[in-house]
$ cat run_21.cif   # mmCIF, N, CA and C atoms
data_target
loop_
_atom_site.label_atom_id
_atom_site.label_comp_id
_atom_site.auth_asym_id
_atom_site.auth_seq_id
_atom_site.Cartn_x
_atom_site.Cartn_y
_atom_site.Cartn_z
N MET A 135 0.05 5.69 15.68
CA MET A 135 0.33 5.47 14.27
C MET A 135 -0.71 6.25 13.47
N GLU A 136 -0.21 7.15 12.63
CA GLU A 136 -1.11 7.85 11.73
C GLU A 136 -1.05 7.13 10.40
N PHE A 137 -2.14 6.50 10.07
CA PHE A 137 -2.15 5.70 8.85
C PHE A 137 -3.58 5.57 8.38
N ALA A 138 -3.79 5.74 7.10
CA ALA A 138 -5.12 5.58 6.53
C ALA A 138 -5.01 4.63 5.35
N SER A 139 -5.99 3.76 5.22
CA SER A 139 -5.94 2.78 4.13
C SER A 139 -6.19 3.42 2.77
N GLY A 140 -6.86 4.56 2.73
CA GLY A 140 -7.16 5.21 1.46
C GLY A 140 -5.92 5.51 0.64
N PRO A 141 -4.93 6.25 1.20
CA PRO A 141 -3.71 6.51 0.43
C PRO A 141 -2.96 5.23 0.05
N LEU A 142 -2.97 4.25 0.90
CA LEU A 142 -2.32 2.98 0.59
C LEU A 142 -3.01 2.31 -0.59
N PHE A 143 -4.33 2.30 -0.56
CA PHE A 143 -5.10 1.71 -1.65
C PHE A 143 -4.85 2.47 -2.95
N GLU A 144 -4.76 3.80 -2.86
CA GLU A 144 -4.49 4.61 -4.05
C GLU A 144 -3.12 4.30 -4.62
N ASP A 145 -2.11 4.15 -3.74
CA ASP A 145 -0.77 3.81 -4.22
C ASP A 145 -0.74 2.43 -4.88
N MET A 146 -1.44 1.48 -4.29
CA MET A 146 -1.51 0.15 -4.89
C MET A 146 -2.15 0.23 -6.27
N GLY A 147 -3.20 1.02 -6.38
CA GLY A 147 -3.86 1.20 -7.66
C GLY A 147 -2.95 1.84 -8.69
N ARG A 148 -2.17 2.85 -8.26
CA ARG A 148 -1.24 3.51 -9.19
C ARG A 148 -0.13 2.58 -9.64
N VAL A 149 0.32 1.68 -8.76
CA VAL A 149 1.36 0.71 -9.16
C VAL A 149 0.81 -0.19 -10.26
N ILE A 150 -0.45 -0.59 -10.11
CA ILE A 150 -1.07 -1.51 -11.08
C ILE A 150 -1.39 -0.80 -12.39
N THR A 151 -1.81 0.45 -12.32
CA THR A 151 -2.33 1.12 -13.52
C THR A 151 -1.36 2.07 -14.20
N SER A 152 -0.09 2.05 -13.77
CA SER A 152 0.87 2.95 -14.40
C SER A 152 2.09 2.16 -14.88
N ASP A 153 2.95 2.88 -15.58
CA ASP A 153 4.15 2.27 -16.15
C ASP A 153 5.29 3.27 -16.02
N GLY A 154 6.50 2.81 -16.21
CA GLY A 154 7.66 3.70 -16.25
C GLY A 154 7.90 4.45 -14.96
N GLU A 155 8.23 5.75 -15.11
CA GLU A 155 8.55 6.58 -13.95
C GLU A 155 7.38 6.72 -12.99
N ALA A 156 6.18 6.81 -13.52
CA ALA A 156 4.99 6.94 -12.66
C ALA A 156 4.84 5.69 -11.79
N GLN A 157 5.08 4.52 -12.38
CA GLN A 157 4.99 3.28 -11.60
C GLN A 157 6.11 3.21 -10.57
N GLU A 158 7.30 3.64 -10.94
CA GLU A 158 8.42 3.64 -9.99
C GLU A 158 8.10 4.52 -8.79
N LYS A 159 7.54 5.71 -9.04
CA LYS A 159 7.19 6.61 -7.94
C LYS A 159 6.09 6.00 -7.09
N ALA A 160 5.08 5.43 -7.73
CA ALA A 160 3.98 4.81 -6.98
C ALA A 160 4.50 3.64 -6.14
N THR A 161 5.43 2.87 -6.69
CA THR A 161 6.01 1.75 -5.96
C THR A 161 6.79 2.24 -4.75
N LYS A 162 7.57 3.30 -4.94
CA LYS A 162 8.33 3.89 -3.82
C LYS A 162 7.36 4.37 -2.74
N ASP A 163 6.31 5.09 -3.14
CA ASP A 163 5.31 5.58 -2.18
C ASP A 163 4.64 4.42 -1.45
N LEU A 164 4.31 3.36 -2.20
CA LEU A 164 3.67 2.19 -1.59
C LEU A 164 4.59 1.55 -0.56
N PHE A 165 5.85 1.35 -0.92
CA PHE A 165 6.79 0.71 0.01
C PHE A 165 7.00 1.56 1.26
N GLU A 166 6.99 2.88 1.11
CA GLU A 166 7.11 3.76 2.28
C GLU A 166 5.91 3.59 3.20
N LYS A 167 4.73 3.50 2.62
CA LYS A 167 3.52 3.33 3.44
C LYS A 167 3.49 1.94 4.09
N LEU A 168 3.98 0.93 3.38
CA LEU A 168 4.04 -0.41 3.96
C LEU A 168 5.01 -0.45 5.14
N THR A 169 6.07 0.34 5.07
CA THR A 169 7.01 0.44 6.19
C THR A 169 6.33 1.08 7.39
N VAL A 170 5.55 2.13 7.14
CA VAL A 170 4.79 2.77 8.21
C VAL A 170 3.79 1.78 8.81
N LEU A 171 3.12 1.03 7.96
CA LEU A 171 2.16 0.03 8.43
C LEU A 171 2.86 -1.03 9.28
N GLU A 172 4.01 -1.49 8.83
CA GLU A 172 4.78 -2.50 9.58
C GLU A 172 5.15 -1.96 10.97
N GLU A 173 5.59 -0.72 11.02
CA GLU A 173 5.94 -0.10 12.30
C GLU A 173 4.71 0.04 13.19
N GLY A 174 3.58 0.38 12.58
CA GLY A 174 2.34 0.49 13.34
C GLY A 174 1.90 -0.85 13.91
N ILE A 175 2.09 -1.91 13.16
CA ILE A 175 1.75 -3.25 13.65
C ILE A 175 2.61 -3.55 14.87
N LYS A 176 3.90 -3.22 14.80
CA LYS A 176 4.81 -3.45 15.95
C LYS A 176 4.35 -2.66 17.16
N GLU A 177 3.93 -1.41 16.91
CA GLU A 177 3.53 -0.53 18.01
C GLU A 177 2.23 -0.99 18.67
N PHE A 178 1.22 -1.32 17.86
CA PHE A 178 -0.09 -1.66 18.41
C PHE A 178 -0.25 -3.12 18.80
N PHE A 179 0.58 -3.97 18.24
CA PHE A 179 0.50 -5.40 18.54
C PHE A 179 1.89 -5.87 18.94
N PRO A 180 2.32 -5.52 20.18
CA PRO A 180 3.70 -5.82 20.58
C PRO A 180 4.05 -7.31 20.52
N GLY A 181 3.07 -8.17 20.59
CA GLY A 181 3.33 -9.61 20.51
C GLY A 181 3.42 -10.11 19.08
N GLY A 182 3.39 -9.22 18.12
CA GLY A 182 3.40 -9.60 16.71
C GLY A 182 2.12 -9.16 16.06
N THR A 183 1.57 -10.00 15.21
CA THR A 183 0.34 -9.65 14.51
C THR A 183 -0.86 -9.90 15.42
N PRO A 184 -1.99 -9.28 15.10
CA PRO A 184 -3.19 -9.52 15.89
C PRO A 184 -3.57 -11.00 15.84
N SER A 185 -4.14 -11.47 16.93
CA SER A 185 -4.54 -12.88 16.93
C SER A 185 -5.78 -13.05 16.09
N ILE A 186 -5.78 -14.12 15.32
CA ILE A 186 -6.91 -14.44 14.46
C ILE A 186 -7.70 -15.52 15.19
N ASN A 187 -8.96 -15.24 15.42
CA ASN A 187 -9.78 -16.14 16.22
C ASN A 187 -10.63 -17.03 15.31
N GLY A 188 -10.00 -18.07 14.78
CA GLY A 188 -10.74 -19.05 13.99
C GLY A 188 -11.48 -18.44 12.83
N GLU A 189 -12.79 -18.52 12.85
CA GLU A 189 -13.64 -18.06 11.75
C GLU A 189 -14.09 -16.61 11.92
N ILE A 190 -13.73 -15.99 13.05
CA ILE A 190 -14.23 -14.64 13.33
C ILE A 190 -13.17 -13.63 12.92
N LEU A 191 -13.49 -12.86 11.89
CA LEU A 191 -12.59 -11.82 11.42
C LEU A 191 -13.06 -10.47 11.93
N GLY A 192 -12.11 -9.67 12.37
CA GLY A 192 -12.42 -8.30 12.76
C GLY A 192 -12.40 -7.40 11.55
N LEU A 193 -12.83 -6.17 11.72
CA LEU A 193 -12.86 -5.21 10.63
C LEU A 193 -11.46 -4.99 10.04
N LEU A 194 -10.46 -4.91 10.90
CA LEU A 194 -9.10 -4.71 10.43
C LEU A 194 -8.61 -5.92 9.63
N ASP A 195 -8.98 -7.12 10.05
CA ASP A 195 -8.63 -8.34 9.30
C ASP A 195 -9.25 -8.30 7.91
N ILE A 196 -10.50 -7.89 7.83
CA ILE A 196 -11.19 -7.81 6.54
C ILE A 196 -10.52 -6.78 5.64
N LEU A 197 -10.15 -5.64 6.20
CA LEU A 197 -9.46 -4.61 5.44
C LEU A 197 -8.12 -5.13 4.91
N MET A 198 -7.36 -5.80 5.76
CA MET A 198 -6.07 -6.35 5.34
C MET A 198 -6.25 -7.40 4.24
N CYS A 199 -7.28 -8.20 4.37
CA CYS A 199 -7.57 -9.23 3.36
C CYS A 199 -7.96 -8.58 2.03
N ALA A 200 -8.77 -7.54 2.10
CA ALA A 200 -9.20 -6.86 0.87
C ALA A 200 -8.02 -6.18 0.18
N LEU A 201 -7.15 -5.56 0.95
CA LEU A 201 -6.01 -4.85 0.37
C LEU A 201 -4.91 -5.80 -0.11
N PHE A 202 -4.61 -6.81 0.69
CA PHE A 202 -3.42 -7.62 0.42
C PHE A 202 -3.70 -9.08 0.08
N GLY A 203 -4.94 -9.53 0.21
CA GLY A 203 -5.27 -10.92 -0.10
C GLY A 203 -4.84 -11.35 -1.49
N PRO A 204 -5.07 -10.53 -2.50
CA PRO A 204 -4.68 -10.93 -3.87
C PRO A 204 -3.24 -10.57 -4.22
N TYR A 205 -2.35 -10.47 -3.23
CA TYR A 205 -0.99 -10.01 -3.50
C TYR A 205 -0.26 -10.91 -4.50
N LYS A 206 -0.55 -12.21 -4.51
CA LYS A 206 0.12 -13.10 -5.46
C LYS A 206 -0.27 -12.77 -6.90
N ALA A 207 -1.52 -12.40 -7.11
CA ALA A 207 -1.96 -12.01 -8.46
C ALA A 207 -1.29 -10.70 -8.87
N HIS A 208 -1.20 -9.75 -7.94
CA HIS A 208 -0.50 -8.49 -8.23
C HIS A 208 0.94 -8.77 -8.62
N GLU A 209 1.59 -9.62 -7.85
CA GLU A 209 3.00 -9.94 -8.11
C GLU A 209 3.18 -10.63 -9.46
N GLU A 210 2.27 -11.53 -9.79
CA GLU A 210 2.37 -12.24 -11.07
C GLU A 210 2.23 -11.28 -12.25
N VAL A 211 1.28 -10.37 -12.17
CA VAL A 211 1.04 -9.44 -13.28
C VAL A 211 2.17 -8.40 -13.36
N LEU A 212 2.62 -7.91 -12.21
CA LEU A 212 3.60 -6.83 -12.21
C LEU A 212 5.05 -7.30 -12.24
N GLY A 213 5.26 -8.58 -11.88
CA GLY A 213 6.62 -9.10 -11.85
C GLY A 213 7.46 -8.55 -10.72
N MET A 214 6.82 -8.17 -9.61
CA MET A 214 7.54 -7.66 -8.45
C MET A 214 6.80 -8.02 -7.18
N LYS A 215 7.52 -8.07 -6.09
CA LYS A 215 6.91 -8.40 -4.80
C LYS A 215 6.26 -7.15 -4.21
N MET A 216 4.99 -7.28 -3.87
CA MET A 216 4.29 -6.17 -3.23
C MET A 216 4.56 -6.21 -1.72
N ILE A 217 4.29 -7.36 -1.12
CA ILE A 217 4.63 -7.52 0.29
C ILE A 217 5.66 -8.64 0.36
N ASP A 218 6.67 -8.42 1.16
CA ASP A 218 7.81 -9.30 1.21
C ASP A 218 8.01 -9.77 2.65
N PRO A 219 8.20 -11.08 2.86
CA PRO A 219 8.38 -11.57 4.24
C PRO A 219 9.62 -11.00 4.92
N GLU A 220 10.60 -10.57 4.15
CA GLU A 220 11.80 -9.98 4.76
C GLU A 220 11.60 -8.50 5.05
N ARG A 221 10.97 -7.78 4.14
CA ARG A 221 10.77 -6.35 4.30
C ARG A 221 9.60 -6.05 5.23
N ASN A 222 8.55 -6.86 5.16
CA ASN A 222 7.34 -6.64 5.96
C ASN A 222 6.91 -7.94 6.64
N PRO A 223 7.72 -8.46 7.57
CA PRO A 223 7.42 -9.78 8.15
C PRO A 223 6.10 -9.86 8.91
N LEU A 224 5.75 -8.81 9.64
CA LEU A 224 4.50 -8.86 10.41
C LEU A 224 3.28 -8.77 9.49
N LEU A 225 3.32 -7.85 8.54
CA LEU A 225 2.23 -7.73 7.58
C LEU A 225 2.09 -9.03 6.79
N PHE A 226 3.20 -9.56 6.33
CA PHE A 226 3.17 -10.79 5.55
C PHE A 226 2.57 -11.95 6.35
N SER A 227 3.00 -12.12 7.60
CA SER A 227 2.46 -13.23 8.40
C SER A 227 0.98 -13.02 8.71
N TRP A 228 0.57 -11.78 8.90
CA TRP A 228 -0.84 -11.48 9.15
C TRP A 228 -1.67 -11.85 7.92
N VAL A 229 -1.24 -11.41 6.75
CA VAL A 229 -1.97 -11.71 5.51
C VAL A 229 -2.02 -13.22 5.29
N MET A 230 -0.90 -13.90 5.52
CA MET A 230 -0.87 -15.36 5.34
C MET A 230 -1.87 -16.04 6.28
N ALA A 231 -1.90 -15.60 7.53
CA ALA A 231 -2.82 -16.19 8.50
C ALA A 231 -4.28 -15.98 8.08
N ILE A 232 -4.58 -14.79 7.60
CA ILE A 232 -5.95 -14.48 7.17
C ILE A 232 -6.33 -15.31 5.95
N THR A 233 -5.44 -15.36 4.96
CA THR A 233 -5.79 -16.04 3.71
C THR A 233 -5.86 -17.55 3.86
N GLU A 234 -5.35 -18.08 4.95
CA GLU A 234 -5.44 -19.52 5.19
C GLU A 234 -6.72 -19.93 5.91
N LEU A 235 -7.48 -18.97 6.38
CA LEU A 235 -8.74 -19.29 7.07
C LEU A 235 -9.73 -19.89 6.07
N PRO A 236 -10.43 -20.94 6.48
CA PRO A 236 -11.40 -21.57 5.58
C PRO A 236 -12.43 -20.59 5.01
N VAL A 237 -12.93 -19.68 5.82
CA VAL A 237 -13.94 -18.74 5.35
C VAL A 237 -13.37 -17.84 4.24
N VAL A 238 -12.11 -17.48 4.34
CA VAL A 238 -11.47 -16.64 3.32
C VAL A 238 -11.18 -17.48 2.07
N LYS A 239 -10.67 -18.68 2.28
CA LYS A 239 -10.38 -19.55 1.13
C LYS A 239 -11.64 -19.83 0.31
N GLU A 240 -12.75 -20.06 1.01
CA GLU A 240 -14.01 -20.37 0.33
C GLU A 240 -14.57 -19.19 -0.46
N SER A 241 -14.26 -17.97 0.01
CA SER A 241 -14.85 -16.80 -0.64
C SER A 241 -13.90 -16.09 -1.60
N THR A 242 -12.67 -16.56 -1.69
CA THR A 242 -11.70 -15.94 -2.59
C THR A 242 -11.81 -16.56 -3.98
N PRO A 243 -11.87 -15.72 -5.00
CA PRO A 243 -11.92 -16.25 -6.37
C PRO A 243 -10.64 -17.03 -6.69
N PRO A 244 -10.71 -17.93 -7.65
CA PRO A 244 -9.51 -18.67 -8.05
C PRO A 244 -8.39 -17.70 -8.49
N HIS A 245 -7.16 -18.11 -8.25
CA HIS A 245 -6.00 -17.29 -8.57
C HIS A 245 -6.01 -16.81 -10.02
N GLU A 246 -6.34 -17.72 -10.95
CA GLU A 246 -6.35 -17.36 -12.37
C GLU A 246 -7.33 -16.21 -12.64
N ASN A 247 -8.45 -16.22 -11.95
CA ASN A 247 -9.45 -15.16 -12.14
C ASN A 247 -8.92 -13.82 -11.61
N LEU A 248 -8.21 -13.87 -10.47
CA LEU A 248 -7.64 -12.65 -9.92
C LEU A 248 -6.56 -12.09 -10.84
N VAL A 249 -5.73 -12.98 -11.38
CA VAL A 249 -4.70 -12.55 -12.32
C VAL A 249 -5.35 -11.90 -13.54
N ALA A 250 -6.37 -12.53 -14.08
CA ALA A 250 -7.06 -11.99 -15.26
C ALA A 250 -7.67 -10.62 -14.95
N LEU A 251 -8.23 -10.45 -13.77
CA LEU A 251 -8.81 -9.17 -13.38
C LEU A 251 -7.74 -8.09 -13.28
N VAL A 252 -6.63 -8.39 -12.62
CA VAL A 252 -5.56 -7.41 -12.48
C VAL A 252 -4.99 -7.06 -13.86
N GLN A 253 -4.82 -8.05 -14.73
CA GLN A 253 -4.33 -7.79 -16.09
C GLN A 253 -5.31 -6.90 -16.86
N PHE A 254 -6.59 -7.18 -16.73
CA PHE A 254 -7.62 -6.39 -17.41
C PHE A 254 -7.57 -4.93 -16.94
N ILE A 255 -7.51 -4.74 -15.63
CA ILE A 255 -7.47 -3.38 -15.07
C ILE A 255 -6.22 -2.66 -15.55
N ARG A 256 -5.07 -3.36 -15.49
CA ARG A 256 -3.80 -2.75 -15.91
C ARG A 256 -3.83 -2.39 -17.40
N GLN A 257 -4.24 -3.32 -18.24
CA GLN A 257 -4.26 -3.07 -19.68
C GLN A 257 -5.18 -1.91 -20.04
N ASN A 258 -6.36 -1.89 -19.45
CA ASN A 258 -7.31 -0.80 -19.73
C ASN A 258 -6.74 0.55 -19.30
N ALA A 259 -6.11 0.56 -18.13
CA ALA A 259 -5.54 1.81 -17.65
C ALA A 259 -4.40 2.29 -18.54
N LEU A 260 -3.53 1.37 -18.94
CA LEU A 260 -2.40 1.75 -19.78
C LEU A 260 -2.87 2.17 -21.18
N GLN A 261 -3.90 1.50 -21.72
CA GLN A 261 -4.44 1.88 -23.03
C GLN A 261 -5.10 3.26 -22.98
N SER A 262 -5.78 3.55 -21.90
CA SER A 262 -6.45 4.86 -21.81
C SER A 262 -5.43 5.98 -21.65
N CYS A 263 -4.25 5.67 -21.12
CA CYS A 263 -3.18 6.69 -21.03
C CYS A 263 -2.59 6.98 -22.40
N VAL A 264 -2.56 5.97 -23.27
CA VAL A 264 -2.00 6.12 -24.61
C VAL A 264 -2.97 6.84 -25.52
N ALA A 265 -4.26 6.56 -25.33
CA ALA A 265 -5.29 7.12 -26.22
C ALA A 265 -5.46 8.61 -26.07
#

$ encode --input "run_21.cif" --output "structure tokens"
Amino acid sequence: MEFASGPLFEDMGRVITSDGEAQEKATKDLFEKLTVLEEGIKEFFPGGTPSINGEILGLLDILMCALFGPYKAHEEVLGMKMIDPERNPLLFSWVMAITELPVVKESTPPHENLVALVQFIRQNALQSCVA
């Protein structure tokens, strides 16, 4: 699987910070990369998602949590599903498993704060495009 988190992170950022046709293109690019990621999960973890060992997170788990942990806040601000259990079942179940760990729950900011942060980033980006 040839996949790098950098382009995925950039696409997620463009979805949040753009509007109109630019956002549509960024969304399409993001969904294409999520499909590649889903296929890679199938290839490298034939039994499904990687096993989560209690409180011990691997580097890949941390990366997935950083990229997709706040997906509910993204969805609330953007009004669209970023990761979907039907379109990306393995990624979705992996993210759900990670975000349910006590260590992740304890260190994750409240949902309202994440929503406010995503709104702030989006508004600033859209205002700077207009200015």

$ resolve_selection --input "run_21.cif" --expression "the PyMOL selection byres (((chain A and resi 212-219 and name CA) around 9) and name CA)" --output "VMD selection string"
chain A and resid 146 149 to 150 161 164 to 165 168 202 205 to 211 220 to 227 253

$ axis_aligned_box --input "run_21.cif" --around "stretch 213-227 of chain A" --padding-each-side "3 Å" --output "AutoDock Vina command-line options"
--center_x 6.4 --center_y -9.6 --center_z -0.7 --size_x 16.8 --size_y 13.2 --size_z 28.3

$ residues_around --input "run_21.cif" --residues "A:Met198" --least-positions-apart "4" --cutoff "9 Å" --atoms "only C-alpha atoms" --output "compact mmCIF listing (two decimals) with N, CA and C atoms, in the frame of the given file"
# COMPACT_ATOMS: atom_id res chain seq x y z
N LEU A 193 -12.83 -6.17 11.72
CA LEU A 193 -12.86 -5.21 10.63
C LEU A 193 -11.46 -4.99 10.04
N LEU A 194 -10.46 -4.91 10.90
CA LEU A 194 -9.10 -4.71 10.43
C LEU A 194 -8.61 -5.92 9.63
N PHE A 202 -4.61 -6.81 0.69
CA PHE A 202 -3.42 -7.62 0.42
C PHE A 202 -3.70 -9.08 0.08
N GLY A 203 -4.94 -9.53 0.21
CA GLY A 203 -5.27 -10.92 -0.10
C GLY A 203 -4.84 -11.35 -1.49
N LEU A 225 3.32 -7.85 8.54
CA LEU A 225 2.23 -7.73 7.58
C LEU A 225 2.09 -9.03 6.79
N TRP A 228 0.57 -11.78 8.90
CA TRP A 228 -0.84 -11.48 9.15
C TRP A 228 -1.67 -11.85 7.92
N VAL A 229 -1.24 -11.41 6.75
CA VAL A 229 -1.97 -11.71 5.51
C VAL A 229 -2.02 -13.22 5.29
N ILE A 232 -4.58 -14.79 7.60
CA ILE A 232 -5.95 -14.48 7.17
C ILE A 232 -6.33 -15.31 5.95

$ closest_residue --input "run_21.cif" --among "A:Pro243, A:Asp153, A:Ala160, A:Glu144" --to "A:Ala259" --atoms "only C-alpha atoms"
A:Asp153

$ atom_distance --input "run_21.cif" --atom1 "atom C of A:Glu246" --atom2 "atom CA of A:Pro141"
26.5 Å

$ atom_distance --input "run_21.cif" --atom1 "atom C of A:Glu158" --atom2 "atom CA of A:Asp145"
10.0 Å

$ residues_around --input "run_21.cif" --residues "A:Ile190" --least-positions-apart "2" --cutoff "12 Å" --atoms "only C-alpha atoms" --output "MDAnalysis selection string"
chainID A and resid 185:188 192:196 232 235:238

$ atom_distance --input "run_21.cif" --atom1 "atom C of A:Phe179" --atom2 "atom C of A:Gly140"
22.9 Å

$ closest_residue --input "run_21.cif" --among "A:Pro204, A:Lys162, A:Glu177, A:Met230" --to "A:Asn247" --atoms "only C-alpha atoms"
A:Pro204

$ select_by_dssp --input "run_21.cif" --residues "stretch 180-229 of chain A" --states "helix (DSSP H, G or I)" --output "MDAnalysis selection string"
chainID A and resid 193:202 205:212 223:229

$ build_atoms --input "run_21.cif" --residues "stretch 204-213 of chain A" --atoms "all heavy atoms" --output "PDB file, in the coordinates of the input"
ATOM      1  N   PRO A 204      -5.070 -10.530  -2.500  1.00  0.00           N
ATOM      2  CA  PRO A 204      -4.680 -10.930  -3.870  1.00  0.00           C
ATOM      3  C   PRO A 204      -3.240 -10.570  -4.220  1.00  0.00           C
ATOM      4  O   PRO A 204      -2.898 -10.407  -5.391  1.00  0.00           O
ATOM      5  CB  PRO A 204      -5.680 -10.197  -4.750  1.00  0.00           C
ATOM      6  CG  PRO A 204      -6.058  -8.993  -3.977  1.00  0.00           C
ATOM      7  CD  PRO A 204      -5.984  -9.388  -2.522  1.00  0.00           C
ATOM      8  N   TYR A 205      -2.350 -10.470  -3.230  1.00  0.00           N
ATOM      9  CA  TYR A 205      -0.990 -10.010  -3.500  1.00  0.00           C
ATOM     10  C   TYR A 205      -0.260 -10.910  -4.500  1.00  0.00           C
ATOM     11  O   TYR A 205       0.556 -10.423  -5.292  1.00  0.00           O
ATOM     12  CB  TYR A 205      -0.173  -9.870  -2.207  1.00  0.00           C
ATOM     13  CG  TYR A 205       0.332 -11.168  -1.639  1.00  0.00           C
ATOM     14  CD1 TYR A 205       1.617 -11.616  -1.940  1.00  0.00           C
ATOM     15  CD2 TYR A 205      -0.469 -11.956  -0.815  1.00  0.00           C
ATOM     16  CE1 TYR A 205       2.083 -12.821  -1.429  1.00  0.00           C
ATOM     17  CE2 TYR A 205      -0.019 -13.136  -0.311  1.00  0.00           C
ATOM     18  CZ  TYR A 205       1.258 -13.579  -0.616  1.00  0.00           C
ATOM     19  OH  TYR A 205       1.715 -14.762  -0.115  1.00  0.00           O
ATOM     20  N   LYS A 206      -0.550 -12.210  -4.510  1.00  0.00           N
ATOM     21  CA  LYS A 206       0.120 -13.100  -5.460  1.00  0.00           C
ATOM     22  C   LYS A 206      -0.270 -12.770  -6.900  1.00  0.00           C
ATOM     23  O   LYS A 206       0.566 -12.823  -7.798  1.00  0.00           O
ATOM     24  CB  LYS A 206      -0.194 -14.565  -5.150  1.00  0.00           C
ATOM     25  CG  LYS A 206       0.455 -15.062  -3.879  1.00  0.00           C
ATOM     26  CD  LYS A 206       0.110 -16.510  -3.612  1.00  0.00           C
ATOM     27  CE  LYS A 206       0.697 -16.968  -2.289  1.00  0.00           C
ATOM     28  NZ  LYS A 206       0.326 -18.344  -1.960  1.00  0.00           N
ATOM     29  N   ALA A 207      -1.520 -12.400  -7.110  1.00  0.00           N
ATOM     30  CA  ALA A 207      -1.960 -12.010  -8.460  1.00  0.00           C
ATOM     31  C   ALA A 207      -1.290 -10.700  -8.870  1.00  0.00           C
ATOM     32  O   ALA A 207      -0.839 -10.551 -10.006  1.00  0.00           O
ATOM     33  CB  ALA A 207      -3.484 -11.856  -8.503  1.00  0.00           C
ATOM     34  N   HIS A 208      -1.200  -9.750  -7.940  1.00  0.00           N
ATOM     35  CA  HIS A 208      -0.500  -8.490  -8.230  1.00  0.00           C
ATOM     36  C   HIS A 208       0.940  -8.770  -8.620  1.00  0.00           C
ATOM     37  O   HIS A 208       1.441  -8.227  -9.609  1.00  0.00           O
ATOM     38  CB  HIS A 208      -0.511  -7.563  -7.011  1.00  0.00           C
ATOM     39  CG  HIS A 208      -1.853  -7.094  -6.608  1.00  0.00           C
ATOM     40  ND1 HIS A 208      -2.174  -6.800  -5.296  1.00  0.00           N
ATOM     41  CD2 HIS A 208      -2.987  -6.868  -7.303  1.00  0.00           C
ATOM     42  CE1 HIS A 208      -3.424  -6.408  -5.219  1.00  0.00           C
ATOM     43  NE2 HIS A 208      -3.939  -6.439  -6.424  1.00  0.00           N
ATOM     44  N   GLU A 209       1.590  -9.620  -7.850  1.00  0.00           N
ATOM     45  CA  GLU A 209       3.000  -9.940  -8.110  1.00  0.00           C
ATOM     46  C   GLU A 209       3.180 -10.630  -9.460  1.00  0.00           C
ATOM     47  O   GLU A 209       4.131 -10.336 -10.188  1.00  0.00           O
ATOM     48  CB  GLU A 209       3.558 -10.805  -6.984  1.00  0.00           C
ATOM     49  CG  GLU A 209       3.678 -10.043  -5.676  1.00  0.00           C
ATOM     50  CD  GLU A 209       4.100 -10.898  -4.493  1.00  0.00           C
ATOM     51  OE1 GLU A 209       4.243 -12.137  -4.643  1.00  0.00           O
ATOM     52  OE2 GLU A 209       4.299 -10.331  -3.410  1.00  0.00           O
ATOM     53  N   GLU A 210       2.270 -11.530  -9.790  1.00  0.00           N
ATOM     54  CA  GLU A 210       2.370 -12.240 -11.070  1.00  0.00           C
ATOM     55  C   GLU A 210       2.230 -11.280 -12.250  1.00  0.00           C
ATOM     56  O   GLU A 210       2.980 -11.357 -13.222  1.00  0.00           O
ATOM     57  CB  GLU A 210       1.324 -13.350 -11.143  1.00  0.00           C
ATOM     58  CG  GLU A 210       1.472 -14.218 -12.373  1.00  0.00           C
ATOM     59  CD  GLU A 210       0.545 -15.419 -12.374  1.00  0.00           C
ATOM     60  OE1 GLU A 210       0.260 -15.984 -11.288  1.00  0.00           O
ATOM     61  OE2 GLU A 210       0.098 -15.797 -13.467  1.00  0.00           O
ATOM     62  N   VAL A 211       1.280 -10.370 -12.170  1.00  0.00           N
ATOM     63  CA  VAL A 211       1.040  -9.440 -13.280  1.00  0.00           C
ATOM     64  C   VAL A 211       2.170  -8.400 -13.360  1.00  0.00           C
ATOM     65  O   VAL A 211       2.629  -8.079 -14.447  1.00  0.00           O
ATOM     66  CB  VAL A 211      -0.328  -8.743 -13.119  1.00  0.00           C
ATOM     67  CG1 VAL A 211      -0.495  -7.632 -14.132  1.00  0.00           C
ATOM     68  CG2 VAL A 211      -1.451  -9.766 -13.251  1.00  0.00           C
ATOM     69  N   LEU A 212       2.620  -7.910 -12.210  1.00  0.00           N
ATOM     70  CA  LEU A 212       3.600  -6.830 -12.210  1.00  0.00           C
ATOM     71  C   LEU A 212       5.050  -7.300 -12.240  1.00  0.00           C
ATOM     72  O   LEU A 212       5.948  -6.517 -12.531  1.00  0.00           O
ATOM     73  CB  LEU A 212       3.384  -5.940 -10.973  1.00  0.00           C
ATOM     74  CG  LEU A 212       2.016  -5.267 -10.896  1.00  0.00           C
ATOM     75  CD1 LEU A 212       1.828  -4.611  -9.539  1.00  0.00           C
ATOM     76  CD2 LEU A 212       1.857  -4.267 -12.015  1.00  0.00           C
ATOM     77  N   GLY A 213       5.260  -8.580 -11.880  1.00  0.00           N
ATOM     78  CA  GLY A 213       6.620  -9.100 -11.850  1.00  0.00           C
ATOM     79  C   GLY A 213       7.460  -8.550 -10.720  1.00  0.00           C
ATOM     80  O   GLY A 213       8.672  -8.441 -10.826  1.00  0.00           O
TER      81      GLY A 213
END
